[in-house]
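A.B. asks: Quick one, start.cif (mmCIF, C-alpha atoms):
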```cif
data_entry
loop_
_atom_site.group_PDB
_atom_site.id
_atom_site.type_symbol
_atom_site.label_atom_id
_atom_site.label_comp_id
_atom_site.auth_asym_id
_atom_site.auth_seq_id
_atom_site.Cartn_x
_atom_site.Cartn_y
_atom_site.Cartn_z
ATOM 1 C CA MET H 1 0.000 0.000 0.000
ATOM 2 C CA GLU H 2 1.255 3.449 -0.913
ATOM 3 C CA TYR H 3 0.448 6.535 1.155
ATOM 4 C CA LYS H 4 -0.034 10.070 -0.110
ATOM 5 C CA ARG H 5 -0.286 13.487 1.460
ATOM 6 C CA LEU H 6 -3.843 14.789 1.624
ATOM 7 C CA GLY H 7 -3.497 17.949 -0.416
ATOM 8 C CA ARG H 8 -0.887 20.279 1.050
ATOM 9 C CA THR H 9 -1.270 18.900 4.553
ATOM 10 C CA GLY H 10 1.206 16.609 6.247
ATOM 11 C CA LEU H 11 -1.497 13.966 6.732
ATOM 12 C CA LYS H 12 -0.710 10.654 5.008
ATOM 13 C CA VAL H 13 -3.602 8.573 3.689
ATOM 14 C CA SER H 14 -3.672 5.222 1.908
ATOM 15 C CA GLU H 15 -4.002 5.320 -1.892
ATOM 16 C CA LEU H 16 -7.415 3.670 -1.485
ATOM 17 C CA CYS H 17 -10.113 4.958 0.863
ATOM 18 C CA LEU H 18 -12.744 2.598 2.263
ATOM 19 C CA GLY H 19 -16.259 3.903 1.704
ATOM 20 C CA THR H 20 -19.147 2.870 3.946
ATOM 21 C CA MET H 21 -22.305 3.951 2.125
ATOM 22 C CA THR H 22 -23.587 0.374 1.754
ATOM 23 C CA PHE H 23 -23.271 -0.562 5.439
ATOM 24 C CA GLY H 24 -26.730 -0.802 6.937
ATOM 25 C CA TRP H 25 -28.185 -0.927 3.422
ATOM 26 C CA THR H 26 -26.828 -3.741 1.220
ATOM 27 C CA SER H 27 -24.305 -5.000 3.784
ATOM 28 C CA ASP H 28 -25.032 -5.947 7.390
ATOM 29 C CA GLU H 29 -23.062 -5.281 10.568
ATOM 30 C CA LYS H 30 -21.158 -8.577 10.521
ATOM 31 C CA ASN H 31 -19.940 -8.028 6.975
ATOM 32 C CA ALA H 32 -19.018 -4.451 7.836
ATOM 33 C CA TYR H 33 -16.664 -5.528 10.629
ATOM 34 C CA GLU H 34 -15.092 -8.182 8.418
ATOM 35 C CA VAL H 35 -14.492 -5.625 5.656
ATOM 36 C CA PHE H 36 -13.033 -3.130 8.150
ATOM 37 C CA ASP H 37 -10.645 -5.760 9.494
ATOM 38 C CA ALA H 38 -9.514 -6.915 6.047
ATOM 39 C CA ALA H 39 -8.994 -3.366 4.781
ATOM 40 C CA PHE H 40 -7.015 -2.351 7.870
ATOM 41 C CA ALA H 41 -4.860 -5.479 7.615
ATOM 42 C CA ALA H 42 -4.111 -4.594 3.979
ATOM 43 C CA GLY H 43 -2.882 -1.141 4.963
ATOM 44 C CA VAL H 44 -5.988 0.945 4.293
ATOM 45 C CA ASN H 45 -5.886 3.646 6.956
ATOM 46 C CA PHE H 46 -8.481 5.970 5.390
ATOM 47 C CA ILE H 47 -12.222 5.474 6.033
ATOM 48 C CA ASP H 48 -14.951 7.716 4.636
ATOM 49 C CA THR H 49 -18.511 7.891 5.927
ATOM 50 C CA ALA H 50 -21.372 10.364 6.441
ATOM 51 C CA ASP H 51 -24.006 10.888 9.093
ATOM 52 C CA VAL H 52 -26.831 10.174 6.622
ATOM 53 C CA TYR H 53 -25.537 6.693 5.666
ATOM 54 C CA SER H 54 -27.822 4.803 5.048
ATOM 55 C CA ARG H 55 -30.896 6.827 5.951
ATOM 56 C CA TRP H 56 -32.599 5.905 2.661
ATOM 57 C CA ALA H 57 -32.743 2.196 3.560
ATOM 58 C CA PRO H 58 -36.016 0.937 5.102
ATOM 59 C CA GLY H 59 -35.917 1.193 8.883
ATOM 60 C CA ASN H 60 -32.563 3.008 8.876
ATOM 61 C CA PRO H 61 -32.589 6.331 10.800
ATOM 62 C CA GLY H 62 -29.159 7.349 9.507
ATOM 63 C CA GLY H 63 -25.910 7.205 11.397
ATOM 64 C CA VAL H 64 -25.709 3.425 11.108
ATOM 65 C CA ALA H 65 -22.393 3.360 9.241
ATOM 66 C CA GLU H 66 -20.904 5.748 11.800
ATOM 67 C CA THR H 67 -22.149 3.498 14.590
ATOM 68 C CA TYR H 68 -20.516 0.438 13.014
ATOM 69 C CA ILE H 69 -17.236 2.323 12.628
ATOM 70 C CA GLY H 70 -17.384 3.503 16.221
ATOM 71 C CA LYS H 71 -17.809 -0.010 17.569
ATOM 72 C CA TRP H 72 -15.065 -1.396 15.334
ATOM 73 C CA MET H 73 -12.570 1.323 16.200
ATOM 74 C CA GLN H 74 -12.656 0.332 19.876
ATOM 75 C CA THR H 75 -10.497 -2.645 18.900
ATOM 76 C CA LYS H 76 -7.986 -0.632 16.860
ATOM 77 C CA PRO H 77 -5.450 2.136 17.603
ATOM 78 C CA ARG H 78 -7.283 5.386 16.900
ATOM 79 C CA ASP H 79 -4.110 7.182 15.816
ATOM 80 C CA GLN H 80 -3.626 4.661 12.990
ATOM 81 C CA ILE H 81 -6.982 5.517 11.391
ATOM 82 C CA VAL H 82 -7.754 8.572 9.272
ATOM 83 C CA LEU H 83 -11.479 9.048 9.723
ATOM 84 C CA ALA H 84 -13.592 11.231 7.443
ATOM 85 C CA THR H 85 -17.283 11.961 7.841
ATOM 86 C CA LYS H 86 -19.742 14.442 6.361
ATOM 87 C CA ALA H 87 -22.696 16.622 7.325
ATOM 88 C CA ARG H 88 -25.438 18.396 5.389
ATOM 89 C CA GLY H 89 -28.338 15.962 4.923
ATOM 90 C CA ARG H 90 -31.463 15.777 7.058
ATOM 91 C CA MET H 91 -30.817 14.005 10.359
ATOM 92 C CA TRP H 92 -33.601 15.252 12.622
ATOM 93 C CA ASP H 93 -37.000 16.927 12.354
ATOM 94 C CA GLY H 94 -37.502 20.649 12.130
ATOM 95 C CA PRO H 95 -36.193 23.469 9.944
ATOM 96 C CA ASN H 96 -32.605 23.088 11.200
ATOM 97 C CA GLY H 97 -32.471 19.317 10.822
ATOM 98 C CA GLU H 98 -30.493 19.662 7.606
ATOM 99 C CA GLY H 99 -28.126 22.143 5.982
ATOM 100 C CA LEU H 100 -24.792 23.787 6.700
ATOM 101 C CA SER H 101 -25.852 26.437 9.205
ATOM 102 C CA ARG H 102 -23.856 26.903 12.411
ATOM 103 C CA VAL H 103 -26.785 25.420 14.334
ATOM 104 C CA HIS H 104 -26.874 22.262 12.233
ATOM 105 C CA ILE H 105 -23.110 21.768 12.074
ATOM 106 C CA MET H 106 -22.593 22.136 15.839
ATOM 107 C CA LYS H 107 -25.187 19.481 16.638
ATOM 108 C CA ALA H 108 -24.233 17.232 13.720
ATOM 109 C CA ILE H 109 -20.584 16.974 14.741
ATOM 110 C CA ASP H 110 -21.460 16.095 18.341
ATOM 111 C CA ASP H 111 -23.908 13.440 17.154
ATOM 112 C CA SER H 112 -21.290 11.996 14.793
ATOM 113 C CA LEU H 113 -18.597 11.946 17.479
ATOM 114 C CA ARG H 114 -20.951 10.110 19.832
ATOM 115 C CA ARG H 115 -21.752 7.460 17.230
ATOM 116 C CA LEU H 116 -18.105 7.150 16.210
ATOM 117 C CA GLN H 117 -17.038 6.885 19.875
ATOM 118 C CA THR H 118 -14.158 9.288 19.363
ATOM 119 C CA ASP H 119 -13.392 12.863 20.366
ATOM 120 C CA TYR H 120 -12.287 14.038 16.927
ATOM 121 C CA VAL H 121 -12.589 13.334 13.215
ATOM 122 C CA ASP H 122 -9.610 13.776 10.939
ATOM 123 C CA LEU H 123 -11.580 15.189 8.013
ATOM 124 C CA TYR H 124 -15.001 16.839 8.321
ATOM 125 C CA GLN H 125 -16.686 17.479 4.974
ATOM 126 C CA CYS H 126 -19.687 19.439 3.766
ATOM 127 C CA HIS H 127 -21.615 16.736 1.909
ATOM 128 C CA HIS H 128 -23.366 19.064 -0.561
ATOM 129 C CA PRO H 129 -23.690 22.837 -0.956
ATOM 130 C CA ASP H 130 -26.397 24.598 1.036
ATOM 131 C CA GLU H 131 -27.787 27.489 -0.979
ATOM 132 C CA THR H 132 -29.756 28.771 2.046
ATOM 133 C CA THR H 133 -26.705 29.362 4.261
ATOM 134 C CA PRO H 134 -23.922 31.895 3.605
ATOM 135 C CA LEU H 135 -20.692 30.039 2.884
ATOM 136 C CA GLU H 136 -18.865 32.304 5.348
ATOM 137 C CA GLU H 137 -21.149 31.103 8.161
ATOM 138 C CA THR H 138 -20.378 27.476 7.320
ATOM 139 C CA LEU H 139 -16.632 28.060 7.143
ATOM 140 C CA ARG H 140 -16.568 29.983 10.436
ATOM 141 C CA ALA H 141 -18.416 27.129 12.167
ATOM 142 C CA LEU H 142 -15.948 24.596 10.737
ATOM 143 C CA ASP H 143 -13.029 26.796 11.772
ATOM 144 C CA ASP H 144 -14.354 26.814 15.340
ATOM 145 C CA LEU H 145 -14.467 23.010 15.311
ATOM 146 C CA VAL H 146 -10.834 22.899 14.185
ATOM 147 C CA ARG H 147 -9.813 25.355 16.903
ATOM 148 C CA VAL H 148 -11.443 23.315 19.690
ATOM 149 C CA GLY H 149 -9.991 20.044 18.380
ATOM 150 C CA LYS H 150 -13.155 18.247 17.313
ATOM 151 C CA VAL H 151 -11.998 18.361 13.678
ATOM 152 C CA ARG H 152 -8.462 18.224 12.262
ATOM 153 C CA TYR H 153 -9.101 19.219 8.614
ATOM 154 C CA ILE H 154 -12.083 20.314 6.523
ATOM 155 C CA GLY H 155 -13.192 19.324 3.028
ATOM 156 C CA LEU H 156 -15.993 19.799 0.502
ATOM 157 C CA SER H 157 -17.993 17.126 -1.321
ATOM 158 C CA ASN H 158 -20.021 17.687 -4.496
ATOM 159 C CA PHE H 159 -19.093 21.387 -4.654
ATOM 160 C CA PRO H 160 -18.514 22.975 -8.069
ATOM 161 C CA ALA H 161 -15.193 24.670 -8.772
ATOM 162 C CA TRP H 162 -16.529 28.205 -8.337
ATOM 163 C CA GLN H 163 -17.769 27.456 -4.820
ATOM 164 C CA VAL H 164 -14.504 25.734 -3.878
ATOM 165 C CA THR H 165 -12.660 28.808 -5.152
ATOM 166 C CA ARG H 166 -14.868 31.073 -3.075
ATOM 167 C CA ALA H 167 -14.304 28.905 0.008
ATOM 168 C CA LEU H 168 -10.538 29.192 -0.489
ATOM 169 C CA TRP H 169 -10.823 32.956 -0.849
ATOM 170 C CA LEU H 170 -12.979 33.363 2.264
ATOM 171 C CA ALA H 171 -10.644 31.199 4.337
ATOM 172 C CA ASP H 172 -7.676 33.272 3.200
ATOM 173 C CA LYS H 173 -9.452 36.600 3.747
ATOM 174 C CA TYR H 174 -10.671 35.800 7.271
ATOM 175 C CA ASN H 175 -7.811 33.518 8.372
ATOM 176 C CA LEU H 176 -10.062 30.477 8.670
ATOM 177 C CA ALA H 177 -9.136 26.794 8.443
ATOM 178 C CA PRO H 178 -8.595 26.099 4.727
ATOM 179 C CA VAL H 179 -10.343 23.535 2.584
ATOM 180 C CA VAL H 180 -7.785 20.746 2.076
ATOM 181 C CA SER H 181 -9.781 18.255 -0.022
ATOM 182 C CA VAL H 182 -12.717 17.748 -2.335
ATOM 183 C CA GLN H 183 -14.821 14.664 -2.951
ATOM 184 C CA PRO H 184 -16.128 14.645 -6.524
ATOM 185 C CA HIS H 185 -18.085 12.105 -8.541
ATOM 186 C CA TYR H 186 -15.439 10.878 -10.969
ATOM 187 C CA ASN H 187 -14.637 7.823 -13.083
ATOM 188 C CA LEU H 188 -13.942 6.723 -16.659
ATOM 189 C CA VAL H 189 -17.528 7.309 -17.792
ATOM 190 C CA TRP H 190 -18.101 10.430 -15.668
ATOM 191 C CA ARG H 191 -15.137 12.677 -16.443
ATOM 192 C CA ALA H 192 -16.373 16.121 -17.454
ATOM 193 C CA GLU H 193 -17.843 17.200 -14.122
ATOM 194 C CA PHE H 194 -14.422 16.950 -12.465
ATOM 195 C CA GLU H 195 -11.899 17.419 -15.252
ATOM 196 C CA ARG H 196 -13.226 20.570 -16.907
ATOM 197 C CA GLU H 197 -12.854 22.974 -13.974
ATOM 198 C CA LEU H 198 -12.323 21.273 -10.638
ATOM 199 C CA GLN H 199 -9.257 19.249 -11.629
ATOM 200 C CA PRO H 200 -7.165 22.235 -12.772
ATOM 201 C CA LEU H 201 -8.191 24.120 -9.625
ATOM 202 C CA CYS H 202 -7.089 21.222 -7.410
ATOM 203 C CA ALA H 203 -3.787 20.932 -9.264
ATOM 204 C CA LEU H 204 -3.117 24.664 -8.926
ATOM 205 C CA GLU H 205 -4.099 24.985 -5.267
ATOM 206 C CA GLY H 206 -2.795 21.629 -4.053
ATOM 207 C CA ILE H 207 -6.199 20.323 -2.972
ATOM 208 C CA GLY H 208 -6.563 16.624 -2.182
ATOM 209 C CA VAL H 209 -9.003 14.683 -4.380
ATOM 210 C CA ILE H 210 -11.028 11.778 -2.965
ATOM 211 C CA PRO H 211 -13.266 10.626 -5.834
ATOM 212 C CA TYR H 212 -16.374 8.613 -5.102
ATOM 213 C CA SER H 213 -18.071 6.077 -7.389
ATOM 214 C CA PRO H 214 -14.854 5.106 -9.224
ATOM 215 C CA LEU H 215 -16.728 2.098 -10.665
ATOM 216 C CA GLN H 216 -19.888 4.065 -11.486
ATOM 217 C CA GLY H 217 -22.187 2.011 -9.307
ATOM 218 C CA GLY H 218 -20.847 -1.256 -10.723
ATOM 219 C CA PHE H 219 -21.023 -0.387 -14.420
ATOM 220 C CA LEU H 220 -17.226 -0.472 -14.761
ATOM 221 C CA THR H 221 -17.104 -3.954 -13.261
ATOM 222 C CA GLY H 222 -18.696 -5.292 -16.457
ATOM 223 C CA LYS H 223 -21.704 -6.836 -14.747
ATOM 224 C CA TYR H 224 -24.120 -4.601 -16.672
ATOM 225 C CA ARG H 225 -24.196 -5.377 -20.397
ATOM 226 C CA LYS H 226 -26.446 -4.368 -23.275
ATOM 227 C CA GLY H 227 -29.151 -6.920 -23.984
ATOM 228 C CA ALA H 228 -28.633 -8.749 -20.699
ATOM 229 C CA ALA H 229 -31.105 -8.757 -17.827
ATOM 230 C CA MET H 230 -30.375 -6.086 -15.225
ATOM 231 C CA PRO H 231 -28.831 -7.737 -12.125
ATOM 232 C CA GLN H 232 -31.174 -8.009 -9.161
ATOM 233 C CA VAL H 233 -29.270 -5.609 -6.906
ATOM 234 C CA ALA H 234 -30.268 -2.456 -5.081
ATOM 235 C CA ARG H 235 -28.519 -0.191 -7.588
ATOM 236 C CA GLY H 236 -29.422 -2.208 -10.679
ATOM 237 C CA VAL H 237 -33.105 -2.714 -11.431
ATOM 238 C CA GLY H 238 -34.919 0.485 -12.305
ATOM 239 C CA ASN H 239 -31.785 2.607 -12.437
ATOM 240 C CA ASP H 240 -32.324 4.961 -15.380
ATOM 241 C CA ARG H 241 -28.768 6.296 -15.294
ATOM 242 C CA MET H 242 -27.372 2.763 -15.487
ATOM 243 C CA SER H 243 -29.609 2.027 -18.439
ATOM 244 C CA ARG H 244 -28.242 5.061 -20.258
ATOM 245 C CA PHE H 245 -24.674 3.884 -19.701
ATOM 246 C CA ILE H 246 -25.537 0.437 -21.027
ATOM 247 C CA ASN H 247 -27.260 1.778 -24.124
ATOM 248 C CA GLU H 248 -24.361 4.065 -25.072
ATOM 249 C CA GLU H 249 -22.404 2.122 -27.695
ATOM 250 C CA ARG H 250 -19.192 4.003 -26.909
ATOM 251 C CA ASN H 251 -19.346 2.691 -23.359
ATOM 252 C CA MET H 252 -19.591 -0.876 -24.627
ATOM 253 C CA ILE H 253 -16.476 -0.311 -26.740
ATOM 254 C CA LEU H 254 -14.748 0.999 -23.625
ATOM 255 C CA LEU H 255 -15.635 -2.125 -21.634
ATOM 256 C CA ASP H 256 -14.291 -4.317 -24.426
ATOM 257 C CA LYS H 257 -10.960 -2.461 -24.379
ATOM 258 C CA MET H 258 -10.843 -2.647 -20.579
ATOM 259 C CA ASN H 259 -11.398 -6.392 -20.834
ATOM 260 C CA GLU H 260 -8.498 -6.649 -23.256
ATOM 261 C CA ILE H 261 -6.183 -4.743 -20.913
ATOM 262 C CA ALA H 262 -7.390 -6.764 -17.937
ATOM 263 C CA ARG H 263 -6.658 -10.085 -19.660
ATOM 264 C CA THR H 264 -3.159 -8.900 -20.584
ATOM 265 C CA HIS H 265 -2.321 -8.334 -16.896
ATOM 266 C CA ASP H 266 -4.493 -11.086 -15.405
ATOM 267 C CA LYS H 267 -6.589 -8.413 -13.716
ATOM 268 C CA THR H 268 -10.295 -7.522 -13.570
ATOM 269 C CA LEU H 269 -12.244 -4.640 -15.089
ATOM 270 C CA SER H 270 -12.630 -3.095 -11.628
ATOM 271 C CA GLN H 271 -8.871 -3.107 -11.159
ATOM 272 C CA VAL H 272 -8.338 -1.515 -14.581
ATOM 273 C CA ALA H 273 -10.850 1.246 -13.745
ATOM 274 C CA LEU H 274 -9.099 1.963 -10.451
ATOM 275 C CA ALA H 275 -5.656 1.835 -12.051
ATOM 276 C CA TRP H 276 -6.764 4.436 -14.604
ATOM 277 C CA MET H 277 -7.813 6.723 -11.749
ATOM 278 C CA LEU H 278 -4.617 6.159 -9.762
ATOM 279 C CA ALA H 279 -2.616 7.163 -12.842
ATOM 280 C CA ASN H 280 -4.013 10.688 -12.484
ATOM 281 C CA PRO H 281 -1.489 12.628 -10.354
ATOM 282 C CA VAL H 282 -4.213 14.955 -9.058
ATOM 283 C CA VAL H 283 -6.136 12.058 -7.484
ATOM 284 C CA THR H 284 -5.247 11.283 -3.885
ATOM 285 C CA SER H 285 -7.378 8.308 -2.868
ATOM 286 C CA PRO H 286 -10.424 6.870 -4.692
ATOM 287 C CA ILE H 287 -13.221 5.678 -2.425
ATOM 288 C CA ILE H 288 -13.923 1.965 -2.824
ATOM 289 C CA GLY H 289 -16.987 0.205 -1.471
ATOM 290 C CA ALA H 290 -17.435 -3.481 -0.712
ATOM 291 C CA ASN H 291 -20.331 -5.476 0.694
ATOM 292 C CA ASN H 292 -18.044 -8.320 1.741
ATOM 293 C CA VAL H 293 -14.403 -9.328 2.001
ATOM 294 C CA ALA H 294 -14.371 -11.059 -1.396
ATOM 295 C CA GLN H 295 -15.384 -7.827 -3.137
ATOM 296 C CA LEU H 296 -12.843 -5.871 -1.107
ATOM 297 C CA ASN H 297 -10.012 -8.246 -1.971
ATOM 298 C CA GLU H 298 -10.727 -7.874 -5.675
ATOM 299 C CA LEU H 299 -10.466 -4.084 -5.420
ATOM 300 C CA LEU H 300 -7.309 -4.308 -3.340
ATOM 301 C CA GLY H 301 -5.765 -6.152 -6.287
ATOM 302 C CA VAL H 302 -5.017 -2.768 -7.851
ATOM 303 C CA ILE H 303 -2.348 -2.080 -5.205
ATOM 304 C CA ASP H 304 0.367 -3.866 -7.195
ATOM 305 C CA PHE H 305 -0.971 -2.884 -10.625
ATOM 306 C CA ARG H 306 -0.394 0.182 -12.779
ATOM 307 C CA LEU H 307 -1.326 0.926 -16.373
ATOM 308 C CA ASP H 308 1.474 1.772 -18.745
ATOM 309 C CA GLY H 309 1.361 5.131 -20.513
ATOM 310 C CA ASN H 310 -0.078 3.698 -23.711
ATOM 311 C CA GLU H 311 -2.889 1.833 -21.938
ATOM 312 C CA LYS H 312 -3.941 4.947 -20.038
ATOM 313 C CA GLN H 313 -3.852 6.992 -23.238
ATOM 314 C CA VAL H 314 -6.077 4.480 -25.031
ATOM 315 C CA LEU H 315 -8.673 4.708 -22.235
ATOM 316 C CA ASP H 316 -8.373 8.497 -22.202
ATOM 317 C CA ASP H 317 -8.984 8.631 -25.933
ATOM 318 C CA LEU H 318 -11.975 6.271 -25.796
ATOM 319 C CA THR H 319 -13.701 8.473 -23.240
ATOM 320 C CA ALA H 320 -12.526 11.899 -24.453
ATOM 321 C CA TRP H 321 -15.901 12.507 -26.131
ATOM 322 C CA GLN H 322 -17.280 13.340 -22.661
ATOM 323 C CA LEU H 323 -15.101 16.458 -22.578
ATOM 324 C CA ALA H 324 -16.172 17.790 -25.981
#
```
Go ahead and express the file in the form of structure tokens.

C.D. replies:
Amino acid sequence: MEYKRLGRTGLKVSELCLGTMTFGWTSDEKNAYEVFDAAFAAGVNFIDTADVYSRWAPGNPGGVAETYIGKWMQTKPRDQIVLATKARGRMWDGPNGEGLSRVHIMKAIDDSLRRLQTDYVDLYQCHHPDETTPLEETLRALDDLVRVGKVRYIGLSNFPAWQVTRALWLADKYNLAPVVSVQPHYNLVWRAEFERELQPLCALEGIGVIPYSPLQGGFLTGKYRKGAAMPQVARGVGNDRMSRFINEERNMILLDKMNEIARTHDKTLSQVALAWMLANPVVTSPIIGANNVAQLNELLGVIDFRLDGNEKQVLDDLTAWQLA
């Protein structure tokens, strides 16, 4: 396992980050602990979660993934784990039960710390923008959390480049804790949103990049194919976005080329997709998700695998139409 600095900080994180969105949804508590153990044993020191995970699942009030992490961490050295969580989504009733106001953030962090059974989080991220709250208010609240030690670093998730730029400017103007990372949706079939504006900004300002959905919900694993029945999984049947990916002929050509590269190296499509992302010097640590240890071990197979320059260029060229 390689370790990289998170942006311009001195914090070292593993080149793969373990995501937890499926825990309490498509993966139960037992599987969660097994995945945590296997990832930690493999050298993954970076775990990403959010207070809302997995509030959308039937009977899930949110905070379940955080609760699992909190229980698991009692058996591990806290200083060997880089823990990231997020706030923004609705977590309680009433007008302040969601958002990025000072009121919401101050309660949300205390609730997260209680579930996580720790007195600090390494990286606290705004999950989505909040158009109803001034960005300065949000940043001042986060700065206060850094100053009192509840949070070590702050980051933004799903923020466009112009808002990240404004956050950097406000932090500089008012001497607030700076944004050190972003968490964008990014992968081989979802390039434009990140690469057009956010990527050059991150490269210029030295911002860490923690992409989520590097396999596009499973599409880049090859399990979704044109003409085949949609797999009976939570993110398969009825997923209109997945259907659009499948019906795009250029995406099928991409999967065929990925298969060819995978066979050459005795690797899988998932590992090729991750290797393509790791070849981007701006990317710090893609977020991988696994329902069980077998899935995790397949993804960890990218640790000893890198694309050569020609292979990366071929994949770049096959997906360059997204940037047109």

A.B. asks: So what does the PyMOL selection byres ((chain H and resi 133) around 12) actually pick up in this one, as a ChimeraX atom specification?

C.D. replies: /H:88,96,98-105,128-132,134-141

A.B. asks: Which residues match the PyMOL selection byres ((chain H and resi 259) around 12) in the file above, as a ChimeraX atom specification?

C.D. replies: /H:220-223,252-258,260-273,311,315

A.B. asks: What's the separation between atom CA of Ala38 of chain H and atom CA of Tyr68 of chain H, in Å to one decimal place?

C.D. replies: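 Computing the Euclidean distance for atom CA of Ala38 of chain H and atom CA of Tyr68 of chain H yields 15.0 Å.
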
A.B. asks: Find the spatial neighbours of Lys30 of chain H, counting only C-alpha atoms, within a cut-off of 12 Å - ignore same-chain residues fewer than 5 positions away - and output them as a list in words.

C.D. replies: Phe23, Gly24, Val35, Phe36, Asp37, Tyr68, Ile69, Lys71, Trp72, Asn291, Asn292 and Val293 of chain H

A.B. asks: Considering all atoms listed in the file, can you say which of H:Ala290, H:Ala177, H:Ala84, H:Leu11 comes closest to Phe46 of chain H?

C.D. replies: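 Result for the nearest residue to Phe46 of chain H: H:Ala84.
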
A.B. asks: To one decimal place in Å, what is the distance between atom CA of Ala320 of chain H and atom CA of Tyr3 of chain H?

C.D. replies: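 Result for atom CA of Ala320 of chain H versus atom CA of Tyr3 of chain H: 29.2 Å, one decimal.
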
A.B. asks: If you take all atoms listed in the file and a cut-off of 8 Å, which residues of segment 171-269 of chain H touch segment 155-167 of chain H, and what are their nearest atom pairs and distances in Å to one decimal, in chain and number order, as JSON lines?

C.D. replies:
```
{"residue": "H:Ala171", "atom": "CA", "partner": "H:Ala167", "partner_atom": "CA", "distance": 6.1}
{"residue": "H:Pro178", "atom": "CA", "partner": "H:Ala167", "partner_atom": "CA", "distance": 7.9}
{"residue": "H:Val179", "atom": "CA", "partner": "H:Gly155", "partner_atom": "CA", "distance": 5.1}
{"residue": "H:Val180", "atom": "CA", "partner": "H:Gly155", "partner_atom": "CA", "distance": 5.7}
{"residue": "H:Ser181", "atom": "CA", "partner": "H:Gly155", "partner_atom": "CA", "distance": 4.7}
{"residue": "H:Val182", "atom": "CA", "partner": "H:Leu156", "partner_atom": "CA", "distance": 4.8}
{"residue": "H:Gln183", "atom": "CA", "partner": "H:Ser157", "partner_atom": "CA", "distance": 4.3}
{"residue": "H:Pro184", "atom": "CA", "partner": "H:Asn158", "partner_atom": "CA", "distance": 5.3}
{"residue": "H:His185", "atom": "CA", "partner": "H:Asn158", "partner_atom": "CA", "distance": 7.2}
{"residue": "H:Glu197", "atom": "CA", "partner": "H:Ala161", "partner_atom": "CA", "distance": 6.0}
{"residue": "H:Leu198", "atom": "CA", "partner": "H:Ala161", "partner_atom": "CA", "distance": 4.8}
{"residue": "H:Leu201", "atom": "CA", "partner": "H:Ala161", "partner_atom": "CA", "distance": 7.1}
```

A.B. asks: Store the residues picked out above in a file with C-alpha atoms, as a CSV table (one decimal), in the frame of the given file.

C.D. replies:
```csv
chain,number,residue,atom,x,y,z
H,171,ALA,CA,-10.6,31.2,4.3
H,178,PRO,CA,-8.6,26.1,4.7
H,179,VAL,CA,-10.3,23.5,2.6
H,180,VAL,CA,-7.8,20.7,2.1
H,181,SER,CA,-9.8,18.3,0.0
H,182,VAL,CA,-12.7,17.7,-2.3
H,183,GLN,CA,-14.8,14.7,-3.0
H,184,PRO,CA,-16.1,14.6,-6.5
H,185,HIS,CA,-18.1,12.1,-8.5
H,197,GLU,CA,-12.9,23.0,-14.0
H,198,LEU,CA,-12.3,21.3,-10.6
H,201,LEU,CA,-8.2,24.1,-9.6
```

A.B. asks: Can you list, as a PyMOL selection string, every protein, DNA or RNA residue that comes within 12 Å of Gln117 of chain H when you count only C-alpha atoms, leaving out same-chain residues fewer than 6 positions away?

C.D. replies: chain H and resi 66-75+78+83+109-111

A.B. asks: Generate the output file for the selected residues, C-alpha atoms, as a PDB file, in the frame of the given file.

C.D. replies:
```
ATOM      1  CA  GLU H  66     -20.904   5.748  11.800  1.00  0.00           C
ATOM      2  CA  THR H  67     -22.149   3.498  14.590  1.00  0.00           C
ATOM      3  CA  TYR H  68     -20.516   0.438  13.014  1.00  0.00           C
ATOM      4  CA  ILE H  69     -17.236   2.323  12.628  1.00  0.00           C
ATOM      5  CA  GLY H  70     -17.384   3.503  16.221  1.00  0.00           C
ATOM      6  CA  LYS H  71     -17.809  -0.010  17.569  1.00  0.00           C
ATOM      7  CA  TRP H  72     -15.065  -1.396  15.334  1.00  0.00           C
ATOM      8  CA  MET H  73     -12.570   1.323  16.200  1.00  0.00           C
ATOM      9  CA  GLN H  74     -12.656   0.332  19.876  1.00  0.00           C
ATOM     10  CA  THR H  75     -10.497  -2.645  18.900  1.00  0.00           C
ATOM     11  CA  ARG H  78      -7.283   5.386  16.900  1.00  0.00           C
ATOM     12  CA  LEU H  83     -11.479   9.048   9.723  1.00  0.00           C
ATOM     13  CA  ILE H 109     -20.584  16.974  14.741  1.00  0.00           C
ATOM     14  CA  ASP H 110     -21.460  16.095  18.341  1.00  0.00           C
ATOM     15  CA  ASP H 111     -23.908  13.440  17.154  1.00  0.00           C
TER      16      ASP H 111
END
```

A.B. asks: Start from the incomplete input, build N, CA and C atoms for segment 172-177 of chain H, and deliver everything as a PDB file, in the coordinates of the input.

C.D. replies:
```pdb
ATOM      1  N   ASP H 172      -8.874  32.438   3.238  1.00  0.00           N
ATOM      2  CA  ASP H 172      -7.676  33.272   3.200  1.00  0.00           C
ATOM      3  C   ASP H 172      -7.977  34.677   3.731  1.00  0.00           C
ATOM      4  N   LYS H 173      -9.092  35.235   3.350  1.00  0.00           N
ATOM      5  CA  LYS H 173      -9.452  36.600   3.747  1.00  0.00           C
ATOM      6  C   LYS H 173      -9.661  36.716   5.259  1.00  0.00           C
ATOM      7  N   TYR H 174     -10.317  35.717   5.853  1.00  0.00           N
ATOM      8  CA  TYR H 174     -10.671  35.800   7.271  1.00  0.00           C
ATOM      9  C   TYR H 174      -9.802  34.918   8.164  1.00  0.00           C
ATOM     10  N   ASN H 175      -8.733  34.361   7.603  1.00  0.00           N
ATOM     11  CA  ASN H 175      -7.811  33.518   8.372  1.00  0.00           C
ATOM     12  C   ASN H 175      -8.536  32.340   9.022  1.00  0.00           C
ATOM     13  N   LEU H 176      -9.316  31.643   8.214  1.00  0.00           N
ATOM     14  CA  LEU H 176     -10.062  30.477   8.670  1.00  0.00           C
ATOM     15  C   LEU H 176      -9.336  29.203   8.239  1.00  0.00           C
ATOM     16  N   ALA H 177      -9.705  28.082   8.844  1.00  0.00           N
ATOM     17  CA  ALA H 177      -9.136  26.794   8.443  1.00  0.00           C
ATOM     18  C   ALA H 177      -9.412  26.568   6.954  1.00  0.00           C
TER      19      ALA H 177
END
```
